[in-house]
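One structure is given below, encoded as C-alpha cells.
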Amino acid sequence: MKKSLLLPLYTMIIYCLLLVWSFEALSSTERQDMPEIECHPLKTDSCFFPFPNQAWLLEEDGVMSPQVPMDLILSEETRAIMEPQLPENLKIADIEAIFAASDGYSPATPVLFEFEQALDAEALPYNGGNAVIAINLDTGERQLLSVKVSEYALSDRFESPAHMLEIYHNGRWEFSNRYVVIVTSNLLPLGVDRFDNYDEINRKALAYANDIGVLDLLKEHNIEEDSLLTLTHFTIRSEEQVTGSMKSKMKSVYQAKHPLRDLTVKYKNFDPFVAAIVTGQLLTYSFRTADGGIDHDRTNGHPLWIDFRLTLPRDLNRPIFKKRSPVAIYGHGLMGDKESDFIVAITNAVHGIATVSIDHPNHGSRIGEARPAVTDLLSTEHFLQLVGMTFQSPVDTMSLLSAVKSSIAKIDVLPRRSWRSEKRIRLRYRADGFPDIDVNNISYQGTSLGGVLGTTFVALAPELKGAFLHVSGVGVIRALSDSVLWDSAFSNLMPEGVSAAEALGLRSMVTHILDHGDAIGFAHYLHTPPEGIHTKPFAVVVGASDGVVPNETTIALANIAELPVVGIPLFDMPGVEHRWDYQKGSGIRHVQWTPWGGNGGIDDIIEHGSFLTPKAQFIQAAWIQRYIK
C-alpha cells in the first residue's frame with residue numbers, strides 16, 4: 001500500500017481512538033458527578049425504609065426527581081420472583097423510570113418505618129399523639145395524621161413478619177411542600193419500656209436531624225432530643241404533574257363530538273314513576289393502551305363506542321306545560337353496572353329527574369377479551385388495567401356530560417306517540433317537538449366506586465349544578481388497604497413471594513402510579529376550582545364503621561375539600577368542622593345501619609349499604625328538593 005494512503009488511514013485510527021477515550025473519560029466524569037444512591041441513614045433491615053426518602057430525591061438541571069433504587073430496596077431473589085408476575089409491558093426498571101420522571105413523591109403516599117422489635121399497637125394513639133409527629137417544613141405547621149402498626153405485615157400470608165409503622169395524612173400532603181415525619185420514644189416496643197440499643201438509635205437519629213437542619217424545629221414543637229427514635233423527610237410532587245394529564249384529556253373530550261347510534265326506547269306502561277328508558281351507544285374517546293394502562297402523552301383519545309342508558313320520569317304535566325326534566329348522571333359501584341342505576345333512578349323519577357348512566361371501564365358491557373371484568377383485575381398481572389380504569393372512568397363521565405349537553409339533549413320520546421312498548425328510533429325522532437331533558441340542570445350522583453372516581457369528574461366538570469355521593473372517599477390505595485376486603489380480595493394485587501416489608505413498600509409506591517386519576521389530588525377543586533369551573537353543592541352520605549370504603553377516606557375528602565360534617569356526627573372526623581346545616585349545599589352526613597358495627601366483620605360490610613336506609617334516602621331526597629329542583 002502506498003505511504004500516501006497509509007497516512008490518512010493511521011490518522012483516522014488515531015482520531016477514532018481519541019474519540020473513544022474522550023467519550024469514556026467524559027462518561028466517567030459524569031458518573032463521578034452523579035451522587036451515589038444510598039440507603040436512608042436510619043434504615044433498620046431493608047433499604048426500602050423509611051419511605052419516602054429525601055436522599056433519593058436528586059437534582060438534575062434544577063429539577064428534583066426521586067431516583068428509587070429498585071436494586072437496593074428489593075433483593076435479587078425478590079426481583080427474580082416479581083418480574084414474571086408484572087404486566088407484560090411493565091418491568092421493574094419501568095417503575096424506577098416512573099418515579100424518575102416526577103419532581104417529588106405522591107400527595108397520597110403513606111409514610112413507612114420498619115423496626116427490629118415488635119411494636120405495642122394498643123399503646124399507640126390513632127392520631128400518633130406524641131409518638132408520631134409530622135411537620136410541614138415550608139409552613140412549620142404540625143399535620144393531622146392517622147397512624148397504625150401494620151397488621152398486614154404481621155399476617156400469616158408471609159413466612160416472616162415485619163414490624164412496620166404505617167402513617168397517613170388525614171387529608172393529603174400538599175403539592176410541592178416538604179415534610180419531616182418524626183417518631184419518638186413514646187412509641188413503645190411490645191412488652192418492654194424501651195427499645196434495645198436505644199442510646200445508639202437516638203444518637204443516629206439526632207445526627208440525621210442535625211444533618212437535615214431540623215433540630216431547631218424539634219425545639220419549637222417541644223420534641224426532646226433524647227426522645228428522638230427515627231425520622232424521614234421528603235418533598236411532594238407538583239400540582240401540574242399530578243393533575244395536568246387529567247385536565248388536558250377532560251378538556252379534549254368535553255370539546256369533542258359525541259354522536260349517538262342504535263337508539264331504542266322502551267315505554268314503561270305500568271310504572272308509576274318511570275315513563276321510558278332510552279338505550280343506545282355514544283361515542284367516547286379512550287386514552288388506554290393495549291395493556292389497559294394510560295398513554296399520558298396522547299392528546300386525543302381513540303374513538304370508542306359505549307352503551308348508555310337514559311331513564312325518563314313520568315310527568316303527566318308534560319303534554320300541557322312542555323316541561324323538561326333535570327338530569328342526573330349516575331356512577332355505579334364496584335360490583336355494579338349501569339343497570340344498577342335503579343338505586344337512584346326511582347328516587348330521581350319521583351322528583352321529576354331523569355337519570356343517565358354508562359358502565360365504568362371493565363364493567364358491564366365494557367368487559368371483553370382485552371378488558372377483563374373488574375373482579376379479574378385483582379392480580380399483579382392486571383395491575384395496569386386497574387390504573388387505566390381509575391383514570392379513564394372520570395374522562396368517560398366528562399364525555400357523557402358533553403353528550404348530555406349536545407346529542408342526548410335532542411332526545412324527544414315523550415309523551416308516548418307509539419302503540420308499541422319498545423321501538424328503534426333515530427335521533428331526529430320527535431314525540432312533541434320538545435326535547436325531554438333540561439341541559440341547564442345537570443347533576444351527578446355516585447355510589448361507592450362511582451363516588452370515589454366520580455369526585456375527580458365533579459371537581460373538574462363545568463356547568464354542573466351539584467353532586468350527591470353515597471359511601472365515598474378519596475385515596476384509592478388507602479381505600480383498598482384499609483378495607484375489610486383487603487385480605488380476601490384486594491391483597492391479590494401484591495406480587496406473590498415478596499417479603500412482608502417489601503409488600504407494604506410496593507403497595508405504598510402504587511399511590512405514585514395512581515396519582516393522575518386518584519381523586520385525592522383533585523378534591524381541593526371542589527372549593528377552589530380551576531379557571532372556568534364554578535363551585536357547586538357537594539354532599540356525601542356515609543355509613544358509620546363502613547368497612548368497604550373506610551371512613552378514613554371520607555375524612556380525607558372532607559379535609560381536602562373543606563366539607564363540614566352536618567347533623568349528628570356518629571364517628572370522629574379530625575380536622576373537620578361540625579355544622580347543623582349544609583355550607584352552601586355541601587357537607588358530609590352520617591347514617592348507620594348496624595349499631596353494633598365497627599368490629600371489622602360482616603357488619604362493617606353491611607354498613608357499606610347504609611345509603612339504602614330510610615334516613616339516607618330522606619337525606620338525599622331533601623337535598624335534591626333543596627339544591628337541584
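Chain labels run A, B, ... following the order of the C-alpha cells; each chain numbers its residues from 1, and ligands are numbered from 1 in the order shown.
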If we count only C-alpha atoms and set the cut-off at 7 Å, which residues sit around Ile437 (chain A), ignoring sequence neighbours fewer than 2 positions away in its own chain? Please answer as number ranges by chain. A: 324-327, 409, 435, 439
Tell me, as a PyMOL selection string, which residues lie within 7 Å of Gln67 (chain A), counting only C-alpha atoms; anything in the same chain fewer than 2 positions away does not count. chain A and resi 56-58+65+69+96+99-100
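Scanning region 44-78 of chain A with DSSP on the backbone, the alpha helix (DSSP H) assignments fall on A:Met70, A:Asp71, A:Leu72, A:Ile73, A:Glu76, A:Glu77, A:Thr78.
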So that I can see what lies close to region 104-109 of chain A, please list as a ChimeraX atom specification the residues with an atom at most 6 Å from it, counting only C-alpha atoms and leaving out residues fewer than 3 positions away in the same chain. /A:65,172-173,235-237,511-512
Per DSSP on the backbone, filter region 298-421 of chain A down to the residues in strand (DSSP E) and report them as a PyMOL selection string. chain A and resi 302-313+325-331+354-358
Within 7 Å of Ile133 (chain A) using only C-alpha atoms, minus same-chain residues under 5 positions, as number ranges by chain: A: 128, 181-183
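One finds CA of Val180 (chain A) at 18.3 Å from CA of Phe115 (chain A).
Using only C-alpha atoms, the residues found no farther than 10 Å from Thr528 (chain A), other than those of its own chain fewer than 4 positions away, are Ala459, Ala523, His524, Ile533, His534, Thr535, Ala561 and Glu562 of chain A.
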Expected file contents, prior selection, N, CA and C atoms, as a PDB file, in the first residue's frame:
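Once everything was written out, this is part_36.pdb:
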ATOM      1  N   ALA A 459     -65.127  17.529  40.381  1.00  0.00           N
ATOM      2  CA  ALA A 459     -64.219  18.634  40.682  1.00  0.00           C
ATOM      3  C   ALA A 459     -63.854  19.435  39.440  1.00  0.00           C
ATOM      4  N   ALA A 523     -59.613  16.814  44.806  1.00  0.00           N
ATOM      5  CA  ALA A 523     -60.734  17.191  45.677  1.00  0.00           C
ATOM      6  C   ALA A 523     -60.693  18.652  46.097  1.00  0.00           C
ATOM      7  N   HIS A 524     -59.508  19.276  46.127  1.00  0.00           N
ATOM      8  CA  HIS A 524     -59.438  20.686  46.529  1.00  0.00           C
ATOM      9  C   HIS A 524     -60.132  21.595  45.522  1.00  0.00           C
ATOM     10  N   ILE A 533     -64.294  26.830  35.955  1.00  0.00           N
ATOM     11  CA  ILE A 533     -65.130  25.885  36.703  1.00  0.00           C
ATOM     12  C   ILE A 533     -65.671  26.609  37.932  1.00  0.00           C
ATOM     13  N   HIS A 534     -66.941  26.395  38.266  1.00  0.00           N
ATOM     14  CA  HIS A 534     -67.524  27.054  39.429  1.00  0.00           C
ATOM     15  C   HIS A 534     -67.693  26.061  40.574  1.00  0.00           C
ATOM     16  N   THR A 535     -67.789  26.577  41.800  1.00  0.00           N
ATOM     17  CA  THR A 535     -68.094  25.714  42.940  1.00  0.00           C
ATOM     18  C   THR A 535     -69.536  25.232  42.823  1.00  0.00           C
ATOM     19  N   ALA A 561     -61.418  18.973  50.739  1.00  0.00           N
ATOM     20  CA  ALA A 561     -62.455  19.775  50.080  1.00  0.00           C
ATOM     21  C   ALA A 561     -63.104  20.777  51.020  1.00  0.00           C
ATOM     22  N   GLU A 562     -62.677  20.794  52.283  1.00  0.00           N
ATOM     23  CA  GLU A 562     -63.217  21.703  53.305  1.00  0.00           C
ATOM     24  C   GLU A 562     -64.730  21.529  53.448  1.00  0.00           C
TER      25      GLU A 562
END
